[in-house]
Amino acid sequence: MGVNLRGRNLLAIKDFTQDEILYLIRLSEQFKNLKLSGSPHDYLRGKNIVLLFEKTSTRTRCSFEVAGMDLGMGVTYLDPGSSQMGKKESIADTAKVLGRFYDGIEYRGFKQDLVEELAENAGVPVWNGLTDKWHPTQMIADMLTIKENFGRLKGLKFVYMGDCRNNMGNSLAVTCAKLGIDFVGCGPKSLWPEEDVRELAQEFAKENSSSVEFSEDVSYATKDADVIYTDIWVSMGEPEEVWQERIKLLHPYQVNKKVMANAKDSAIFMHCLPSFHDLKTSIGKEINDKFGKDYDLNGMEVSEEVFSSSQSKVFDEAENRMHTIKAIMYATLK
C-alpha cells in the first residue's frame, strides 16, 4: 500500500514513519528533476497558503514562496507586525480564521506548543518551519543532500558538532535514528538533548538497527564519520550575553581541517545556515572584536577552510530546502 500524507500536518519528524520520510525524499528528487529540467509542475493551482513568521529567515521564507509559486499556489507572507496572533487574537482563533482562507499554513517561531495549537484548530495542514524544539522541514532537505552524495542513508555515520540540545540537534538525532543512520552528538554534556529526546532517538535507533550516542570527545566522535554537521552557537532570540559563555563551551567543538581529517576521506560537511565562517557579517565581526583576543574566531562553529572546501555541501543543502518543501506541501495538499 502506497504512502498517503494528504491532510497531514508536519510538526516534528518523530510523528512520521521511516516509509513516510523516505517517500518525501523520493518525491523531493522528482520535484528537483522537474525544476532543473524546466518542466512546469503547477499541480496545486487554485490553492493558497499563508506563511506565519515570528522568526525571520532567508532560506525558509524563500523556499516556501518559490515552492508555492512553482506549484501554482497563491502565497501570503505575514511577519510579526502583520498579524494579531497571540496579541489581540488567540492562537486558536487565528488558526480557525486562516484555515477558512487558506489551504495550508506554515509557522516559524518559538514555542512548539504554539504550532501544535495552530494545527489543532486550523482544519488544514500546518507545517513547522522551525520551533525551539524541532525543525522538520530542514530534515528532509538534509537527508536528500546526504542521499545525493552517498546514494544511500542506512548504515552511514553522522556526527553533529556543538550545541546538541537545540532544535537541530534534537531533530537530527531522531531523523537519523528513524532512517537507520548511526548518530553521534559531539559537544559538552551540559548541551546534550533533554532526556526525553535522547530516549526517543535511542528507541527509534533500536527499531532500525542503528545507534544514537553522545560524546564530549571530538577525536572519538568524528572518527571515520561520513557526515560532519554543525550549526551556529547562539540561536536567534537568545540574548547577546550568551555569546561569551557559549564560545567558551563550544570553541573546542569547531569543525576545522583537523576534524575533517579524522573523518573518512569521502566525508561531507553540512550546515543549515546562516554560518559564522568568516568575519564578513556585522555580528561575526562584532563578536570577534569582543572575544577574538581570547579565541580564534575567524570562523566560529566552522573554519572558512572547511566551509569553502570541496567537502562542503552547504549550498546544495540550502537549495534542497526548496525542492523538499515543495514535496511536503504537495504530499499534504494534493
# chains A, B, ... in the order shown; residues from 1 in each chain; ligands from 1

call {"tool": "closest_atom_pairs", "arguments": {"of": "range 224-245 of chain A", "to": "range 250-255 of chain A", "cutoff": "9 Å", "atoms": "only C-alpha atoms", "output": "tab-separated table"}}
result
residue	atom	partner	partner_atom	distance
A:Ile228	CA	A:Val255	CA	7.9
A:Tyr229	CA	A:Val255	CA	8.3
A:Thr230	CA	A:Val255	CA	7.4
A:Trp233	CA	A:Leu250	CA	7.3
A:Glu245	CA	A:Leu250	CA	8.7

call {"tool": "write_last_selection", "arguments": {"atoms": "all heavy atoms", "output": "mmCIF file, in the first residue's frame"}}
result
data_model
loop_
_atom_site.group_PDB
_atom_site.id
_atom_site.type_symbol
_atom_site.label_atom_id
_atom_site.label_comp_id
_atom_site.auth_asym_id
_atom_site.auth_seq_id
_atom_site.Cartn_x
_atom_site.Cartn_y
_atom_site.Cartn_z
ATOM 1 N N ILE A 228 29.786 15.304 8.722
ATOM 2 C CA ILE A 228 30.048 16.188 9.856
ATOM 3 C C ILE A 228 29.132 17.397 9.689
ATOM 4 O O ILE A 228 29.142 18.062 8.650
ATOM 5 C CB ILE A 228 31.505 16.671 9.908
ATOM 6 C CG1 ILE A 228 32.480 15.487 9.960
ATOM 7 C CG2 ILE A 228 31.708 17.613 11.095
ATOM 8 C CD1 ILE A 228 32.511 14.763 11.280
ATOM 9 N N TYR A 229 28.352 17.671 10.725
ATOM 10 C CA TYR A 229 27.314 18.717 10.647
ATOM 11 C C TYR A 229 27.463 19.644 11.855
ATOM 12 O O TYR A 229 27.768 19.195 12.961
ATOM 13 C CB TYR A 229 25.942 18.034 10.687
ATOM 14 C CG TYR A 229 24.761 18.848 10.218
ATOM 15 C CD1 TYR A 229 23.997 18.420 9.144
ATOM 16 C CD2 TYR A 229 24.374 20.018 10.854
ATOM 17 C CE1 TYR A 229 22.889 19.129 8.697
ATOM 18 C CE2 TYR A 229 23.273 20.745 10.414
ATOM 19 C CZ TYR A 229 22.530 20.297 9.329
ATOM 20 O OH TYR A 229 21.441 21.010 8.899
ATOM 21 N N THR A 230 27.241 20.935 11.651
ATOM 22 C CA THR A 230 27.220 21.849 12.789
ATOM 23 C C THR A 230 26.228 22.970 12.542
ATOM 24 O O THR A 230 25.645 23.087 11.461
ATOM 25 C CB THR A 230 28.627 22.417 13.082
ATOM 26 O OG1 THR A 230 28.624 23.057 14.361
ATOM 27 C CG2 THR A 230 29.058 23.415 12.018
ATOM 28 N N TRP A 233 26.415 28.831 17.132
ATOM 29 C CA TRP A 233 26.497 28.567 18.568
ATOM 30 C C TRP A 233 25.438 29.293 19.387
ATOM 31 O O TRP A 233 25.140 28.892 20.499
ATOM 32 C CB TRP A 233 27.887 28.945 19.084
ATOM 33 C CG TRP A 233 28.960 28.034 18.588
ATOM 34 C CD1 TRP A 233 28.802 26.766 18.072
ATOM 35 C CD2 TRP A 233 30.366 28.289 18.555
ATOM 36 N NE1 TRP A 233 30.016 26.232 17.723
ATOM 37 C CE2 TRP A 233 31.000 27.135 18.012
ATOM 38 C CE3 TRP A 233 31.157 29.376 18.937
ATOM 39 C CZ2 TRP A 233 32.377 27.049 17.850
ATOM 40 C CZ3 TRP A 233 32.535 29.285 18.761
ATOM 41 C CH2 TRP A 233 33.137 28.140 18.226
ATOM 42 N N GLU A 245 29.674 32.835 27.163
ATOM 43 C CA GLU A 245 29.559 31.504 27.768
ATOM 44 C C GLU A 245 29.578 30.420 26.701
ATOM 45 O O GLU A 245 30.263 29.406 26.842
ATOM 46 C CB GLU A 245 28.259 31.416 28.571
ATOM 47 C CG GLU A 245 27.963 30.036 29.125
ATOM 48 C CD GLU A 245 26.529 29.903 29.624
ATOM 49 O OE1 GLU A 245 25.762 30.870 29.527
ATOM 50 O OE2 GLU A 245 26.180 28.801 30.083
#

call {"tool": "residues_around", "arguments": {"residues": "range 137-142 of chain A", "least_positions_apart": "3", "cutoff": "10 Å", "atoms": "only C-alpha atoms", "output": "PyMOL selection string"}}
result
chain A and resi 10-13+21-22+24-25+28+59-60+127-130+134+145-148+168+171-172+174-176+229+270-272+313-314+316-325+327-328

call {"tool": "residues_around", "arguments": {"residues": "range 179-184 of chain A", "least_positions_apart": "5", "cutoff": "7 Å", "atoms": "only C-alpha atoms", "output": "short mmCIF file (atom, residue, chain, number, x, y, z; two decimals) with N, CA, C and O atoms, in the first residue's frame"}}
result
data_model
loop_
_atom_site.label_atom_id
_atom_site.label_comp_id
_atom_site.auth_asym_id
_atom_site.auth_seq_id
_atom_site.Cartn_x
_atom_site.Cartn_y
_atom_site.Cartn_z
N GLN A 18 9.38 5.68 8.93
CA GLN A 18 10.51 5.63 8.01
C GLN A 18 10.02 5.66 6.56
O GLN A 18 10.57 6.38 5.72
N LEU A 153 21.29 6.01 2.71
CA LEU A 153 21.24 6.62 4.04
C LEU A 153 21.61 5.62 5.12
O LEU A 153 22.45 5.89 5.98
N LYS A 154 20.97 4.48 5.07
CA LYS A 154 21.16 3.47 6.11
C LYS A 154 22.62 3.05 6.22
O LYS A 154 23.30 2.81 5.23
N GLY A 155 23.11 2.96 7.46
CA GLY A 155 24.46 2.48 7.72
C GLY A 155 25.53 3.55 7.72
O GLY A 155 26.68 3.27 8.07
N LEU A 156 25.19 4.80 7.36
CA LEU A 156 26.17 5.88 7.40
C LEU A 156 26.40 6.34 8.84
O LEU A 156 25.57 6.10 9.72
N LYS A 157 27.52 7.01 9.06
CA LYS A 157 27.82 7.59 10.38
C LYS A 157 27.71 9.10 10.27
O LYS A 157 28.43 9.74 9.51
N PHE A 158 26.83 9.67 11.09
CA PHE A 158 26.51 11.10 11.07
C PHE A 158 26.93 11.71 12.41
O PHE A 158 26.53 11.22 13.47
N VAL A 159 27.72 12.78 12.36
CA VAL A 159 28.18 13.43 13.59
C VAL A 159 27.70 14.88 13.60
O VAL A 159 27.98 15.64 12.67
N TYR A 160 27.00 15.23 14.67
CA TYR A 160 26.55 16.61 14.86
C TYR A 160 27.42 17.25 15.94
O TYR A 160 27.49 16.76 17.06
N ALA A 173 19.06 13.88 15.58
CA ALA A 173 19.18 12.62 16.32
C ALA A 173 18.01 11.70 16.01
O ALA A 173 18.18 10.51 15.73
N ALA A 205 16.31 4.21 17.09
CA ALA A 205 17.54 3.58 16.59
C ALA A 205 17.47 2.07 16.79
O ALA A 205 17.88 1.29 15.90
N ASN A 208 15.51 0.42 14.18
CA ASN A 208 16.04 0.48 12.82
C ASN A 208 17.50 0.04 12.73
O ASN A 208 18.20 0.39 11.77
N SER A 209 17.95 -0.72 13.73
CA SER A 209 19.30 -1.32 13.72
C SER A 209 20.41 -0.29 13.54
O SER A 209 21.38 -0.51 12.80
N SER A 210 20.24 0.85 14.20
CA SER A 210 21.29 1.87 14.18
C SER A 210 21.61 2.26 15.62
O SER A 210 21.15 1.62 16.56
N SER A 211 22.39 3.31 15.80
CA SER A 211 22.78 3.71 17.15
C SER A 211 22.69 5.21 17.32
O SER A 211 22.82 5.97 16.35
N VAL A 212 22.48 5.64 18.56
CA VAL A 212 22.49 7.05 18.93
C VAL A 212 23.34 7.18 20.18
O VAL A 212 23.08 6.52 21.19
N GLU A 213 24.37 8.01 20.12
CA GLU A 213 25.19 8.22 21.30
C GLU A 213 25.68 9.66 21.34
O GLU A 213 25.61 10.39 20.35
N PHE A 214 26.17 10.05 22.52
CA PHE A 214 26.67 11.41 22.73
C PHE A 214 28.03 11.32 23.39
O PHE A 214 28.28 10.46 24.23
N ALA A 221 34.39 10.87 18.56
CA ALA A 221 33.10 11.06 17.89
C ALA A 221 33.23 11.13 16.38
O ALA A 221 32.42 10.57 15.64
#

call {"tool": "select_by_dssp", "arguments": {"residues": "range 136-230 of chain A", "states": "strand (DSSP E or B)", "output": "short mmCIF file (atom, residue, chain, number, x, y, z; two decimals) with N, CA and C atoms, in the first residue's frame"}}
result
data_model
loop_
_atom_site.label_atom_id
_atom_site.label_comp_id
_atom_site.auth_asym_id
_atom_site.auth_seq_id
_atom_site.Cartn_x
_atom_site.Cartn_y
_atom_site.Cartn_z
N LYS A 157 27.52 7.01 9.06
CA LYS A 157 27.82 7.59 10.38
C LYS A 157 27.71 9.10 10.27
N PHE A 158 26.83 9.67 11.09
CA PHE A 158 26.51 11.10 11.07
C PHE A 158 26.93 11.71 12.41
N VAL A 159 27.72 12.78 12.36
CA VAL A 159 28.18 13.43 13.59
C VAL A 159 27.70 14.88 13.60
N TYR A 160 27.00 15.23 14.67
CA TYR A 160 26.55 16.61 14.86
C TYR A 160 27.42 17.25 15.94
N MET A 161 28.07 18.37 15.60
CA MET A 161 29.02 19.02 16.49
C MET A 161 28.44 20.29 17.11
N ASP A 182 23.68 5.88 11.89
CA ASP A 182 24.33 5.95 13.20
C ASP A 182 24.62 7.41 13.54
N PHE A 183 24.06 7.89 14.63
CA PHE A 183 24.16 9.30 15.02
C PHE A 183 25.05 9.46 16.24
N VAL A 184 25.98 10.42 16.16
CA VAL A 184 26.79 10.80 17.32
C VAL A 184 26.65 12.30 17.54
N GLY A 185 26.19 12.70 18.71
CA GLY A 185 26.17 14.10 19.09
C GLY A 185 27.45 14.41 19.85
N CYS A 186 28.21 15.37 19.37
CA CYS A 186 29.51 15.68 19.97
C CYS A 186 29.52 17.12 20.48
N VAL A 212 22.48 5.64 18.56
CA VAL A 212 22.49 7.05 18.93
C VAL A 212 23.34 7.18 20.18
N GLU A 213 24.37 8.01 20.12
CA GLU A 213 25.19 8.22 21.30
C GLU A 213 25.68 9.66 21.34
N PHE A 214 26.17 10.05 22.52
CA PHE A 214 26.67 11.41 22.73
C PHE A 214 28.03 11.32 23.39
N SER A 215 28.92 12.23 22.98
CA SER A 215 30.28 12.20 23.49
C SER A 215 30.84 13.61 23.57
N VAL A 227 29.42 12.02 7.62
CA VAL A 227 28.86 13.37 7.59
C VAL A 227 29.25 14.10 8.87
N ILE A 228 29.79 15.30 8.72
CA ILE A 228 30.05 16.19 9.86
C ILE A 228 29.13 17.40 9.69
N TYR A 229 28.35 17.67 10.73
CA TYR A 229 27.31 18.72 10.65
C TYR A 229 27.46 19.64 11.85
N THR A 230 27.24 20.93 11.65
CA THR A 230 27.22 21.85 12.79
C THR A 230 26.23 22.97 12.54
#

call {"tool": "closest_residue", "arguments": {"among": "A:Gln311, A:Ser190, A:Ser266, A:Gln112", "to": "Arg246 in chain A", "atoms": "only C-alpha atoms"}}
result
A:Ser190

call {"tool": "closest_residue", "arguments": {"among": "A:Arg8, A:His135, A:Ser235, A:Trp192", "to": "Ala122 in chain A", "atoms": "only C-alpha atoms"}}
result
A:Arg8

call {"tool": "residues_around", "arguments": {"residues": "range 287-299 of chain A", "least_positions_apart": "4", "cutoff": "10 Å", "atoms": "only C-alpha atoms", "output": "list of chain:residue names"}}
result
A:Glu240, A:Trp243, A:Gln244, A:Ile247, A:Lys248, A:His251, A:Gln254, A:Val255, A:Asn256, A:Ser275, A:Phe276, A:His277, A:Asp278, A:Leu279, A:Lys280, A:Thr281, A:Ser282, A:Ile283, A:Ser303, A:Glu304, A:Glu305, A:Val306, A:Phe307

call {"tool": "atom_distance", "arguments": {"atom1": "CA of Lys189 in chain A", "atom2": "CA of Gly162 in chain A"}}
result
10.2 Å

call {"tool": "select_by_dssp", "arguments": {"residues": "range 102-230 of chain A", "states": "helix (DSSP H, G or I)", "output": "ChimeraX atom specification"}}
result
/A:112-122,136-150,167-178,189-191,195-207,218-222

call {"tool": "atom_distance", "arguments": {"atom1": "CA of Gly46 in chain A", "atom2": "CA of Ala119 in chain A"}}
result
21.9 Å

call {"tool": "atom_distance", "arguments": {"atom1": "CA of Pro188 in chain A", "atom2": "CA of Lys285 in chain A"}}
result
25.2 Å

call {"tool": "closest_residue", "arguments": {"among": "A:Asn262, A:Thr131, A:Asn170, A:Asn48", "to": "Glu199 in chain A", "atoms": "only C-alpha atoms"}}
result
A:Asn170

call {"tool": "closest_residue", "arguments": {"among": "A:Thr76, A:Met329, A:Glu203, A:Asn9", "to": "Glu117 in chain A", "atoms": "only C-alpha atoms"}}
result
A:Asn9

call {"tool": "decode", "arguments": {"residues": "range 166-177 of chain A", "atoms": "all heavy atoms", "output": "mmCIF file, in the first residue's frame"}}
result
data_model
loop_
_atom_site.group_PDB
_atom_site.id
_atom_site.type_symbol
_atom_site.label_atom_id
_atom_site.label_comp_id
_atom_site.auth_asym_id
_atom_site.auth_seq_id
_atom_site.Cartn_x
_atom_site.Cartn_y
_atom_site.Cartn_z
ATOM 1 N N ASN A 166 19.693 21.849 20.803
ATOM 2 C CA ASN A 166 18.813 22.804 20.130
ATOM 3 C C ASN A 166 17.899 22.066 19.152
ATOM 4 O O ASN A 166 17.904 20.834 19.077
ATOM 5 C CB ASN A 166 19.639 23.891 19.424
ATOM 6 C CG ASN A 166 20.531 23.344 18.318
ATOM 7 O OD1 ASN A 166 20.388 22.196 17.888
ATOM 8 N ND2 ASN A 166 21.468 24.160 17.858
ATOM 9 N N ASN A 167 17.092 22.819 18.401
ATOM 10 C CA ASN A 167 16.129 22.171 17.503
ATOM 11 C C ASN A 167 16.812 21.300 16.447
ATOM 12 O O ASN A 167 16.273 20.277 16.039
ATOM 13 C CB ASN A 167 15.213 23.207 16.841
ATOM 14 C CG ASN A 167 15.953 24.407 16.280
ATOM 15 O OD1 ASN A 167 17.090 24.289 15.822
ATOM 16 N ND2 ASN A 167 15.318 25.565 16.327
ATOM 17 N N MET A 168 18.019 21.700 16.019
ATOM 18 C CA MET A 168 18.729 20.895 15.025
ATOM 19 C C MET A 168 19.276 19.607 15.637
ATOM 20 O O MET A 168 19.152 18.529 15.055
ATOM 21 C CB MET A 168 19.862 21.715 14.405
ATOM 22 C CG MET A 168 19.377 22.798 13.451
ATOM 23 S SD MET A 168 18.416 22.134 12.070
ATOM 24 C CE MET A 168 19.628 21.060 11.311
ATOM 25 N N GLY A 169 19.902 19.712 16.809
ATOM 26 C CA GLY A 169 20.407 18.516 17.465
ATOM 27 C C GLY A 169 19.305 17.513 17.756
ATOM 28 O O GLY A 169 19.443 16.307 17.503
ATOM 29 N N ASN A 170 18.184 18.008 18.274
ATOM 30 C CA ASN A 170 17.034 17.150 18.557
ATOM 31 C C ASN A 170 16.542 16.452 17.284
ATOM 32 O O ASN A 170 16.353 15.230 17.244
ATOM 33 C CB ASN A 170 15.872 17.972 19.130
ATOM 34 C CG ASN A 170 16.140 18.498 20.515
ATOM 35 O OD1 ASN A 170 17.034 18.044 21.221
ATOM 36 N ND2 ASN A 170 15.347 19.475 20.935
ATOM 37 N N SER A 171 16.321 17.252 16.249
ATOM 38 C CA SER A 171 15.716 16.735 15.023
ATOM 39 C C SER A 171 16.637 15.762 14.292
ATOM 40 O O SER A 171 16.188 14.738 13.766
ATOM 41 C CB SER A 171 15.352 17.897 14.094
ATOM 42 O OG SER A 171 14.405 18.751 14.697
ATOM 43 N N LEU A 172 17.925 16.083 14.259
ATOM 44 C CA LEU A 172 18.856 15.204 13.547
ATOM 45 C C LEU A 172 19.034 13.866 14.255
ATOM 46 O O LEU A 172 19.130 12.817 13.604
ATOM 47 C CB LEU A 172 20.207 15.910 13.381
ATOM 48 C CG LEU A 172 20.212 17.026 12.333
ATOM 49 C CD1 LEU A 172 21.457 17.896 12.475
ATOM 50 C CD2 LEU A 172 20.122 16.450 10.915
ATOM 51 N N ALA A 173 19.064 13.880 15.585
ATOM 52 C CA ALA A 173 19.183 12.619 16.320
ATOM 53 C C ALA A 173 18.008 11.702 16.011
ATOM 54 O O ALA A 173 18.177 10.506 15.733
ATOM 55 C CB ALA A 173 19.274 12.895 17.818
ATOM 56 N N VAL A 174 16.808 12.266 16.031
ATOM 57 C CA VAL A 174 15.595 11.474 15.795
ATOM 58 C C VAL A 174 15.518 11.024 14.338
ATOM 59 O O VAL A 174 15.188 9.868 14.040
ATOM 60 C CB VAL A 174 14.347 12.284 16.194
ATOM 61 C CG1 VAL A 174 13.077 11.621 15.667
ATOM 62 C CG2 VAL A 174 14.276 12.436 17.706
ATOM 63 N N THR A 175 15.818 11.931 13.413
ATOM 64 C CA THR A 175 15.718 11.597 11.992
ATOM 65 C C THR A 175 16.715 10.517 11.604
ATOM 66 O O THR A 175 16.369 9.552 10.903
ATOM 67 C CB THR A 175 15.942 12.852 11.134
ATOM 68 O OG1 THR A 175 15.022 13.872 11.533
ATOM 69 C CG2 THR A 175 15.726 12.535 9.662
ATOM 70 N N CYS A 176 17.955 10.658 12.039
ATOM 71 C CA CYS A 176 18.960 9.629 11.746
ATOM 72 C C CYS A 176 18.526 8.275 12.303
ATOM 73 O O CYS A 176 18.636 7.245 11.628
ATOM 74 C CB CYS A 176 20.310 10.037 12.321
ATOM 75 S SG CYS A 176 21.127 11.374 11.425
ATOM 76 N N ALA A 177 18.033 8.280 13.528
ATOM 77 C CA ALA A 177 17.584 7.037 14.157
ATOM 78 C C ALA A 177 16.450 6.396 13.366
ATOM 79 O O ALA A 177 16.401 5.179 13.191
ATOM 80 C CB ALA A 177 17.152 7.308 15.592
#
